[in-house]
>>> print(open('run-v4.csv').read())   # CSV, C-alpha atoms and all ligand atoms
chain,number,residue,atom,x,y,z
U,1,MET,CA,113.3,83.7,104.1
U,2,SER,CA,111.2,85.9,101.9
U,3,GLY,CA,110.9,89.5,103.2
U,4,GLY,CA,107.3,89.9,102.2
U,5,GLY,CA,106.1,88.4,99.0
U,6,ASP,CA,103.2,86.0,99.2
U,7,GLY,CA,105.2,84.1,101.8
U,8,GLY,CA,105.3,80.6,100.4
U,9,ASP,CA,108.3,79.6,102.5
U,10,ARG,CA,107.7,81.7,105.5
U,11,ARG,CA,106.5,80.8,109.0
U,12,PRO,CA,102.8,81.2,109.6
U,13,THR,CA,101.8,84.6,111.1
U,14,SER,CA,101.1,84.4,114.8
U,15,CYS,CA,100.8,88.2,115.4
U,16,LEU,CA,99.6,91.1,113.4
U,17,ALA,CA,100.5,94.5,114.8
U,18,LEU,CA,99.0,97.8,113.6
U,19,SER,CA,101.5,100.6,114.0
U,20,GLY,CA,102.3,104.2,113.2
U,21,GLY,CA,105.8,105.7,113.6
U,22,VAL,CA,107.9,106.3,116.6
U,23,GLY,CA,105.7,105.2,119.5
U,24,GLY,CA,104.3,102.1,117.8
U,25,ALA,CA,107.6,101.1,116.4
U,26,LYS,CA,109.0,100.6,119.9
U,27,LEU,CA,106.5,97.9,120.6
U,28,ALA,CA,106.9,96.5,117.1
U,29,LEU,CA,110.6,96.0,117.9
U,30,GLY,CA,109.8,94.3,121.1
U,31,LEU,CA,107.4,91.9,119.3
U,32,ALA,CA,110.0,91.3,116.6
U,33,ARG,CA,112.5,90.3,119.3
U,34,HIS,CA,110.0,88.2,121.3
U,35,LEU,CA,108.4,86.2,118.5
U,36,ALA,CA,110.2,83.7,116.3
U,37,PRO,CA,111.5,85.1,113.0
U,38,GLY,CA,108.8,85.6,110.4
U,39,GLU,CA,105.9,85.2,112.9
U,40,LEU,CA,105.2,88.9,113.1
U,41,ALA,CA,103.4,91.0,110.4
U,42,ILE,CA,103.1,94.7,110.9
U,43,ALA,CA,100.4,96.8,109.1
U,44,ALA,CA,102.1,100.2,108.7
U,45,ASN,CA,100.2,103.4,108.5
U,46,VAL,CA,100.5,105.2,105.1
U,47,GLY,CA,98.2,108.1,106.0
U,48,ASP,CA,101.1,110.5,106.6
U,49,ASP,CA,102.9,109.7,103.4
U,50,PHE,CA,103.4,112.7,101.2
U,51,GLU,CA,105.1,114.0,98.1
U,52,HIS,CA,107.9,116.4,98.9
U,53,LEU,CA,110.7,117.9,96.7
U,54,GLY,CA,109.5,115.4,94.0
U,55,LEU,CA,110.0,112.4,96.4
U,56,THR,CA,107.5,110.0,98.0
U,57,ILE,CA,108.2,110.1,101.7
U,58,CYS,CA,106.7,107.3,103.9
U,59,PRO,CA,107.6,108.3,107.5
U,60,ASP,CA,105.9,105.5,109.4
U,61,ILE,CA,107.1,102.8,107.1
U,62,ASP,CA,110.6,104.2,107.3
U,63,THR,CA,110.5,104.6,111.1
U,64,LEU,CA,109.5,100.9,111.4
U,65,VAL,CA,112.2,99.9,108.9
U,66,TYR,CA,115.0,101.9,110.7
U,67,THR,CA,113.8,100.7,114.1
U,68,LEU,CA,113.6,97.1,113.3
U,69,SER,CA,117.0,97.1,111.4
U,70,GLY,CA,118.7,98.9,114.3
U,71,LEU,CA,119.4,102.0,112.1
U,72,ALA,CA,117.0,104.4,113.8
U,73,ASN,CA,118.1,107.7,115.2
U,74,PRO,CA,117.7,107.2,119.0
U,75,GLU,CA,117.2,110.9,119.7
U,76,THR,CA,114.4,111.6,117.3
U,77,GLY,CA,113.0,108.1,116.8
U,78,TRP,CA,112.7,108.9,113.0
U,79,GLY,CA,115.5,109.1,110.5
U,80,ARG,CA,118.8,107.3,110.6
U,81,ALA,CA,121.4,107.3,113.5
U,82,GLY,CA,124.4,109.4,112.8
U,83,ASP,CA,123.0,110.9,109.6
U,84,THR,CA,124.6,114.0,108.1
U,85,ALA,CA,123.0,117.1,106.7
U,86,THR,CA,125.0,118.1,103.7
U,87,PHE,CA,121.9,117.9,101.5
U,88,MET,CA,119.9,120.1,103.8
U,89,HIS,CA,122.6,122.8,104.0
U,90,ALA,CA,123.0,122.8,100.3
U,91,LEU,CA,119.3,122.9,99.8
U,92,ALA,CA,119.0,125.9,102.1
U,93,GLY,CA,121.7,127.7,100.2
U,94,LEU,CA,119.7,127.2,97.0
U,95,GLY,CA,116.5,128.7,98.6
U,96,GLY,CA,114.8,125.2,98.8
U,97,GLU,CA,112.2,124.2,101.3
U,98,THR,CA,113.9,123.1,104.5
U,99,TRP,CA,111.0,122.7,107.0
U,100,PHE,CA,111.1,118.9,106.6
U,101,HIS,CA,114.5,117.5,107.5
U,102,LEU,CA,116.0,114.8,105.2
U,103,GLY,CA,119.3,113.5,106.4
U,104,ASP,CA,121.8,112.4,103.7
U,105,GLY,CA,121.5,108.6,104.4
U,106,ASP,CA,117.7,108.9,104.7
U,107,LEU,CA,117.5,110.7,101.4
U,108,ALA,CA,118.8,107.6,99.7
U,109,MET,CA,115.7,105.8,101.0
U,110,HIS,CA,113.4,108.4,99.5
U,111,VAL,CA,115.3,108.6,96.2
U,112,ALA,CA,115.4,104.8,95.8
U,113,ARG,CA,111.7,104.3,96.6
U,114,SER,CA,110.5,107.2,94.5
U,115,HIS,CA,112.5,106.0,91.5
U,116,ARG,CA,111.1,102.4,91.9
U,117,LEU,CA,107.6,103.7,92.3
U,118,ARG,CA,107.9,105.7,89.1
U,119,SER,CA,109.2,102.5,87.4
U,120,GLY,CA,105.9,100.8,88.3
U,121,GLU,CA,106.8,98.8,91.4
U,122,SER,CA,104.3,98.8,94.3
U,123,LEU,CA,105.1,100.4,97.7
U,124,SER,CA,104.7,97.0,99.4
U,125,ARG,CA,107.1,95.2,97.0
U,126,ILE,CA,109.7,97.9,97.5
U,127,THR,CA,109.2,97.9,101.2
U,128,ALA,CA,109.6,94.1,101.3
U,129,ASP,CA,112.8,94.3,99.3
U,130,ILE,CA,114.2,97.0,101.5
U,131,CYS,CA,113.3,94.9,104.6
U,132,GLU,CA,115.1,91.9,103.2
U,133,ARG,CA,118.2,93.9,102.3
U,134,LEU,CA,118.3,95.3,105.8
U,135,GLY,CA,117.9,91.9,107.5
U,136,ILE,CA,114.4,92.5,108.9
U,137,GLU,CA,112.5,89.3,109.3
U,138,ALA,CA,109.2,90.7,110.4
U,139,ARG,CA,106.9,91.7,107.5
U,140,ILE,CA,106.3,95.4,107.3
U,141,LEU,CA,103.2,95.7,105.2
U,142,PRO,CA,102.0,99.1,104.0
U,143,ALA,CA,98.3,99.3,104.9
U,144,SER,CA,97.6,100.0,101.2
U,145,ASP,CA,99.5,100.4,98.0
U,146,ASP,CA,96.9,103.0,97.0
U,147,ALA,CA,96.9,106.7,98.0
U,148,LEU,CA,95.4,107.2,101.5
U,149,ARG,CA,96.1,110.6,103.0
U,150,THR,CA,95.3,112.0,106.4
U,151,ILE,CA,94.0,115.6,106.3
U,152,VAL,CA,93.9,117.5,109.6
U,153,GLU,CA,90.8,119.8,109.8
U,154,THR,CA,92.1,122.8,111.8
U,155,GLU,CA,90.8,126.2,112.7
U,156,ASP,CA,93.2,127.5,110.0
U,157,GLY,CA,91.6,125.1,107.4
U,158,PRO,CA,92.5,121.6,106.2
U,159,LEU,CA,96.2,120.7,106.4
U,160,ALA,CA,98.0,117.6,105.0
U,161,LEU,CA,99.4,115.7,107.9
U,162,GLN,CA,103.1,116.6,107.5
U,163,HIS,CA,102.2,120.2,107.0
U,164,TYR,CA,100.2,120.2,110.2
U,165,PHE,CA,102.7,118.0,112.1
U,166,VAL,CA,106.1,119.2,111.0
U,167,ARG,CA,105.7,122.6,109.2
U,168,GLU,CA,103.1,124.0,111.6
U,169,LYS,CA,104.5,122.1,114.6
U,170,CYS,CA,101.1,120.8,115.5
U,171,ALA,CA,100.1,124.4,116.6
U,172,PRO,CA,96.7,124.9,114.7
U,173,LYS,CA,93.7,123.8,116.8
U,174,VAL,CA,92.3,120.5,115.6
U,175,LYS,CA,88.6,120.2,114.6
U,176,GLY,CA,88.7,116.7,113.1
U,177,PHE,CA,90.3,114.4,110.6
U,178,ARG,CA,89.6,113.2,107.1
U,179,TYR,CA,91.2,110.2,105.5
U,180,ASP,CA,91.2,110.9,101.8
U,181,GLY,CA,91.1,107.8,99.6
U,182,SER,CA,90.1,105.5,102.5
U,183,ARG,CA,86.9,104.4,100.7
U,184,THR,CA,88.6,103.3,97.6
U,185,ALA,CA,92.1,102.3,98.7
U,186,GLN,CA,92.5,98.5,98.7
U,187,VAL,CA,93.8,97.0,101.9
U,188,LYS,CA,97.1,95.2,101.3
U,189,LYS,CA,96.0,91.6,100.6
U,190,GLU,CA,98.7,90.1,102.9
U,191,ILE,CA,97.1,92.0,105.8
U,192,LEU,CA,93.7,90.6,105.1
U,193,GLY,CA,95.4,87.2,104.6
U,194,ALA,CA,97.1,87.4,108.0
U,195,LEU,CA,93.8,88.2,109.6
U,196,SER,CA,92.3,85.0,108.3
U,197,GLU,CA,95.3,82.7,108.9
U,198,PRO,CA,94.4,80.0,111.4
U,199,SER,CA,97.8,80.4,112.9
U,200,LEU,CA,97.1,84.0,114.0
U,201,GLN,CA,97.0,84.3,117.8
U,202,ALA,CA,96.8,88.0,118.4
U,203,VAL,CA,96.2,91.4,116.8
U,204,ILE,CA,98.0,94.2,118.7
U,205,ILE,CA,97.2,97.9,118.2
U,206,CYS,CA,100.5,99.5,119.1
U,207,PRO,CA,100.6,102.6,121.4
U,208,SER,CA,100.4,104.9,118.4
U,209,ASN,CA,98.3,108.1,118.0
U,210,PRO,CA,94.7,106.8,117.4
U,211,TYR,CA,93.7,109.7,115.1
U,212,ILE,CA,96.7,110.0,112.8
U,213,SER,CA,98.4,106.6,113.0
U,214,ILE,CA,95.7,103.9,113.5
U,215,ASP,CA,92.4,105.5,112.3
U,216,PRO,CA,93.7,106.1,108.7
U,217,MET,CA,94.0,102.3,108.4
U,218,LEU,CA,90.7,101.6,110.2
U,219,ALA,CA,89.0,104.1,107.8
U,220,MET,CA,89.3,101.4,105.1
U,221,PRO,CA,86.1,99.5,105.5
U,222,ALA,CA,87.6,96.1,104.5
U,223,LEU,CA,90.2,96.3,107.2
U,224,ARG,CA,87.8,97.4,110.0
U,225,GLN,CA,85.5,94.5,109.0
U,226,ALA,CA,88.3,92.0,108.8
U,227,LEU,CA,89.4,93.0,112.4
U,228,LYS,CA,85.8,92.5,113.6
U,229,ASP,CA,85.6,89.1,111.8
U,230,CYS,CA,89.0,87.7,112.7
U,231,ALA,CA,89.1,84.8,115.1
U,232,ALA,CA,92.2,86.1,117.0
U,233,PRO,CA,91.7,88.5,119.9
U,234,VAL,CA,92.5,92.2,119.3
U,235,VAL,CA,94.1,94.2,122.0
U,236,ALA,CA,95.4,97.8,122.2
U,237,VAL,CA,98.2,99.3,124.2
U,238,SER,CA,97.4,102.8,125.5
U,239,PRO,CA,99.4,105.6,124.1
U,240,ILE,CA,98.2,107.8,127.0
U,241,VAL,CA,99.7,107.2,130.4
U,242,GLY,CA,98.8,109.2,133.4
U,243,GLY,CA,96.8,111.7,131.3
U,244,ALA,CA,99.7,112.5,129.0
U,245,ALA,CA,100.8,111.2,125.6
U,246,LEU,CA,103.8,108.9,125.6
U,247,LYS,CA,104.9,110.7,122.4
U,248,GLY,CA,103.7,113.5,120.1
U,249,PRO,CA,100.4,115.4,120.0
U,250,THR,CA,97.9,112.7,121.0
U,251,ALA,CA,96.9,114.5,124.2
U,252,LYS,CA,96.6,117.9,122.5
U,253,MET,CA,94.4,116.4,119.8
U,254,MET,CA,92.2,114.7,122.3
U,255,HIS,CA,91.8,117.9,124.3
U,256,GLU,CA,90.9,119.9,121.2
U,257,LEU,CA,88.4,117.3,120.1
U,258,GLY,CA,86.7,117.5,123.4
U,259,ALA,CA,87.7,114.0,124.5
U,260,ALA,CA,88.9,113.4,128.1
U,261,VAL,CA,92.7,113.0,127.9
U,262,SER,CA,92.9,109.7,129.6
U,263,ALA,CA,93.7,106.1,128.8
U,264,ASP,CA,90.0,105.0,129.1
U,265,SER,CA,89.1,107.5,126.4
U,266,VAL,CA,91.4,105.6,124.0
U,267,ALA,CA,89.8,102.3,125.1
U,268,ARG,CA,86.4,103.9,124.3
U,269,HIS,CA,87.7,105.0,120.9
U,270,TYR,CA,88.5,101.4,119.9
U,271,ARG,CA,85.7,99.7,121.9
U,272,ASP,CA,83.9,98.1,118.9
U,273,LEU,CA,87.1,96.4,117.8
U,274,ILE,CA,89.1,95.3,120.8
U,275,ASP,CA,88.8,92.5,123.3
U,276,GLY,CA,91.5,93.8,125.7
U,277,PHE,CA,93.3,96.9,126.7
U,278,VAL,CA,96.8,97.4,128.3
U,279,LEU,CA,97.0,100.1,131.0
U,280,ASP,CA,100.1,101.4,132.7
U,281,PRO,CA,100.1,101.1,136.6
U,282,ALA,CA,99.8,104.9,136.7
U,283,ASP,CA,96.3,104.4,135.3
U,284,ALA,CA,95.3,101.4,137.5
U,285,ALA,CA,92.4,103.5,138.8
U,286,LEU,CA,90.8,103.4,135.3
U,287,GLU,CA,90.6,99.6,135.3
U,288,LYS,CA,87.0,99.4,136.3
U,289,ALA,CA,86.0,102.0,133.7
U,290,VAL,CA,87.8,100.2,131.0
U,291,ARG,CA,86.3,96.8,132.0
U,292,GLY,CA,82.9,98.6,132.0
U,293,LEU,CA,83.4,99.0,128.2
U,294,GLY,CA,83.2,95.3,127.8
U,295,MET,CA,86.9,94.4,127.5
U,296,GLU,CA,89.6,92.7,129.6
U,297,VAL,CA,92.4,94.7,131.1
U,298,LEU,CA,96.1,94.1,131.6
U,299,ILE,CA,98.0,96.4,133.9
U,300,THR,CA,101.7,96.5,133.2
U,301,PRO,CA,104.4,99.2,132.8
U,302,SER,CA,103.9,100.5,129.2
U,303,VAL,CA,106.5,103.3,129.1
U,304,MET,CA,109.3,101.8,126.9
U,305,THR,CA,112.8,103.2,127.5
U,306,SER,CA,115.1,100.3,127.1
U,307,LEU,CA,115.1,97.4,124.7
U,308,GLY,CA,114.3,95.2,127.7
U,309,ASP,CA,111.1,97.3,128.3
U,310,LYS,CA,110.0,96.8,124.8
U,311,ILE,CA,110.5,93.0,124.8
U,312,ARG,CA,108.8,92.6,128.2
U,313,LEU,CA,105.8,94.7,127.1
U,314,ALA,CA,105.6,92.8,123.9
U,315,ARG,CA,105.8,89.4,125.7
U,316,GLU,CA,103.1,90.4,128.2
U,317,THR,CA,100.8,92.0,125.7
U,318,PHE,CA,101.0,89.0,123.4
U,319,ALA,CA,100.4,86.5,126.2
U,320,PHE,CA,97.5,88.7,127.4
U,321,ALA,CA,95.9,88.6,123.9
U,322,VAL,CA,96.5,84.9,123.4
U,323,ALA,CA,94.7,84.1,126.7
U,324,LEU,CA,91.6,86.0,125.6
U,325,SER,CA,89.0,84.3,123.5
U,326,ARG,CA,86.9,86.0,121.0
U,327,SER,CA,83.1,85.9,121.1
U,328,ASN,CA,82.6,88.4,118.2
U,401,LIG,N1,109.5,115.0,112.1
U,401,LIG,C1,109.7,116.2,112.5
U,401,LIG,O1,109.2,116.7,113.5
U,401,LIG,N2,110.5,117.1,111.8
U,401,LIG,C2,111.1,116.6,110.6
U,401,LIG,O2,111.9,117.4,110.0
U,401,LIG,C3,110.9,115.3,110.2
U,401,LIG,C4,111.5,114.7,109.1
U,401,LIG,C5,111.3,113.4,108.8
U,401,LIG,C6,112.0,112.8,107.7
U,401,LIG,C7,111.8,111.5,107.4
U,401,LIG,C8,110.9,110.7,108.2
U,401,LIG,O3,110.7,109.4,107.8
U,401,LIG,C9,110.2,111.3,109.2
U,401,LIG,C10,110.4,112.6,109.6
U,401,LIG,N3,109.8,113.2,110.7
U,401,LIG,C11,110.0,114.5,111.0
U,401,LIG,C12,108.9,112.4,111.5
U,401,LIG,C13,107.5,112.5,111.0
U,401,LIG,O4,107.1,112.8,109.8
U,401,LIG,C14,106.4,112.3,112.1
U,401,LIG,O5,106.8,111.8,113.3
U,401,LIG,C15,105.3,111.3,111.6
U,401,LIG,O6,104.9,111.4,110.3
U,401,LIG,C16,104.1,111.4,112.6
U,401,LIG,O7,103.7,110.0,112.7
>>> encode(input="run-v4.csv", output="structure tokens")
Amino acid sequence: MSGGGDGGDRRPTSCLALSGGVGGAKLALGLARHLAPGELAIAANVGDDFEHLGLTICPDIDTLVYTLSGLANPETGWGRAGDTATFMHALAGLGGETWFHLGDGDLAMHVARSHRLRSGESLSRITADICERLGIEARILPASDDALRTIVETEDGPLALQHYFVREKCAPKVKGFRYDGSRTAQVKKEILGALSEPSLQAVIICPSNPYISIDPMLAMPALRQALKDCAAPVVAVSPIVGGAALKGPTAKMMHELGAAVSADSVARHYRDLIDGFVLDPADAALEKAVRGLGMEVLITPSVMTSLGDKIRLARETFAFAVALSRSN
């Protein structure tokens, strides 16, 4: 089966997931295991891609690739399991920049991709080929092949996402976000194609950080419009459980932006796009508030620790979405 070309021989898409890195990739893995091979397409955030040491690094794509191929580092969620650090040690000895960790095996990914990009191949073609080589049957589709970069507006000035996230360890106070290139970047045509396929039964916004993982994709007007127009229901899984983020700086960002740090805040954030919202039982008391936003609610455990958790949440979220109808 083709890993991600125009898909002449592939199964029709039944589910499109929108995902960032570590948190979203967990549900994406559950969906990939629950659905039949080839039925899942994943729109991957590219807003936190960056150029580093002359290489193009695509953290969310790589986290999805490693997670779905079983190569991910289980401790960090990013990078490869069992990776070594000879390159980083040698780099430090040469006085190079070491704030962004590149394991030796992971480095091969960045070198191979950067080389192919410089030879004129598109990010999506390269990603599809890598997926095929690593045995991934879901289609991981970069949201765009064009440059789209998240800039975090902080009290210390604007920072590229990885500079804010990794170099500054998310310490600067956030004032807002900018998604450079979002007005001109072309949405990957397979994503728009999936959204108009009659076979599509559900669109699932994974429990990723809304500001840095999902909004960069939604900042492309054509994608936002296609999500509004698509016939399949759109549901989101809350990345906030019990007033805390499942992963990363989502809660800190919400607090600094003046939003209540709660799951219903996330539902409000997506309210013009989604038909349903998945809440953890810890947030059952918010059900009424979320229904009041004009959407359906599924209450089910959404903290994913084991593979079984991921598959169960994927199964229930997919079934929840399929049972909804879209009025648009
Ligand atoms: N995150 C870190 O906190 N520190 C790192 O040194 C780091 C290196 C890294 C290398 C490759 C990769 O694909 C991801 C990496 N990440 C690292 C994760 C990362 O950049 C963030 O989790 C995401 O971009 C935020 O979504």
>>> closest_atom_pairs(input="run-v4.csv", of="chain U", to="ligand LIG 401 (chain U)", cutoff="8 Å", atoms="only C-alpha atoms and all ligand atoms", output="tab-separated table")
residue	atom	partner	partner_atom	distance
U:Gly20	CA	U:LIG401	O7	6.0
U:Gly21	CA	U:LIG401	O7	4.9
U:Val22	CA	U:LIG401	O5	6.5
U:Asp48	CA	U:LIG401	O6	5.4
U:Asp49	CA	U:LIG401	O6	7.4
U:Ile57	CA	U:LIG401	O3	6.6
U:Cys58	CA	U:LIG401	O3	6.0
U:Pro59	CA	U:LIG401	O3	3.3
U:Asp60	CA	U:LIG401	O7	6.0
U:Ile61	CA	U:LIG401	O3	7.6
U:Asp62	CA	U:LIG401	O3	5.2
U:Thr63	CA	U:LIG401	O3	5.8
U:Thr76	CA	U:LIG401	N1	7.9
U:Gly77	CA	U:LIG401	C12	8.0
U:Trp78	CA	U:LIG401	C9	5.1
U:Gly79	CA	U:LIG401	C8	5.4
U:Trp99	CA	U:LIG401	O2	6.2
U:Phe100	CA	U:LIG401	O2	3.8
U:His101	CA	U:LIG401	O2	3.6
U:Leu102	CA	U:LIG401	C6	5.1
U:Gly103	CA	U:LIG401	C6	7.4
U:Asp106	CA	U:LIG401	C7	7.0
U:Leu161	CA	U:LIG401	O6	7.4
U:Gln162	CA	U:LIG401	O4	6.0
U:Phe165	CA	U:LIG401	C16	6.8
U:Val166	CA	U:LIG401	O1	4.7
U:Arg167	CA	U:LIG401	N2	7.7
U:Lys169	CA	U:LIG401	O1	7.2
U:Asn209	CA	U:LIG401	O7	7.8
U:Ile212	CA	U:LIG401	O7	7.0
U:Ser213	CA	U:LIG401	O7	6.3
U:Gly248	CA	U:LIG401	O5	7.7
>>> closest_atom_pairs(input="run-v4.csv", of="range 129-164 of chain U", to="range 181-195 of chain U", cutoff="8 Å", atoms="all atoms listed in the file", output="CSV")
residue,atom,partner,partner_atom,distance
U:Leu141,CA,U:Ile191,CA,7.2
U:Pro142,CA,U:Lys188,CA,6.8
U:Ala143,CA,U:Lys188,CA,5.6
U:Ser144,CA,U:Lys188,CA,4.8
U:Asp145,CA,U:Lys188,CA,6.6
U:Asp146,CA,U:Ala185,CA,5.1
U:Ala147,CA,U:Gly181,CA,6.1
U:Leu148,CA,U:Gly181,CA,4.7
U:Arg149,CA,U:Gly181,CA,6.7
>>> closest_residue(input="run-v4.csv", among="U:Gly105, U:Gly120, U:Gly294, U:Gly47", to="Met217 in chain U", atoms="only C-alpha atoms")
U:Gly47
>>> atom_distance(input="run-v4.csv", atom1="CA of Glu39 in chain U", atom2="CA of Val235 in chain U")
17.4 Å
>>> residues_around(input="run-v4.csv", residues="Leu159 in chain U", least_positions_apart="4", cutoff="12 Å", atoms="only C-alpha atoms", output="list in words")
Asp48, Phe50, Arg149, Thr150, Ile151, Val152, Glu153, Thr154, Glu155, His163, Tyr164, Phe165, Val166, Arg167, Glu168, Lys169, Cys170, Ala171, Pro172, Lys173, Val174, Lys175, Gly176, Phe177, Arg178, Tyr179 and Asp180 of chain U
>>> atom_distance(input="run-v4.csv", atom1="CA of Leu298 in chain U", atom2="CA of Pro198 in chain U")
24.7 Å
>>> residues_near_point(input="run-v4.csv", point="(106.4, 96.6, 130.9)", cutoff="6 Å", atoms="all atoms listed in the file", output="PyMOL selection string")
chain U and resi 300-302+309+312-313
>>> residues_near_point(input="run-v4.csv", point="(121.1, 115.3, 103.5)", cutoff="12 Å", atoms="only C-alpha atoms", output="number ranges by chain")
U: 79-80, 82-92, 98, 100-111
>>> closest_residue(input="run-v4.csv", among="U:Glu256, U:Glu97, U:Glu137, U:Asp229", to="Arg11 in chain U", atoms="all atoms listed in the file")
U:Glu137
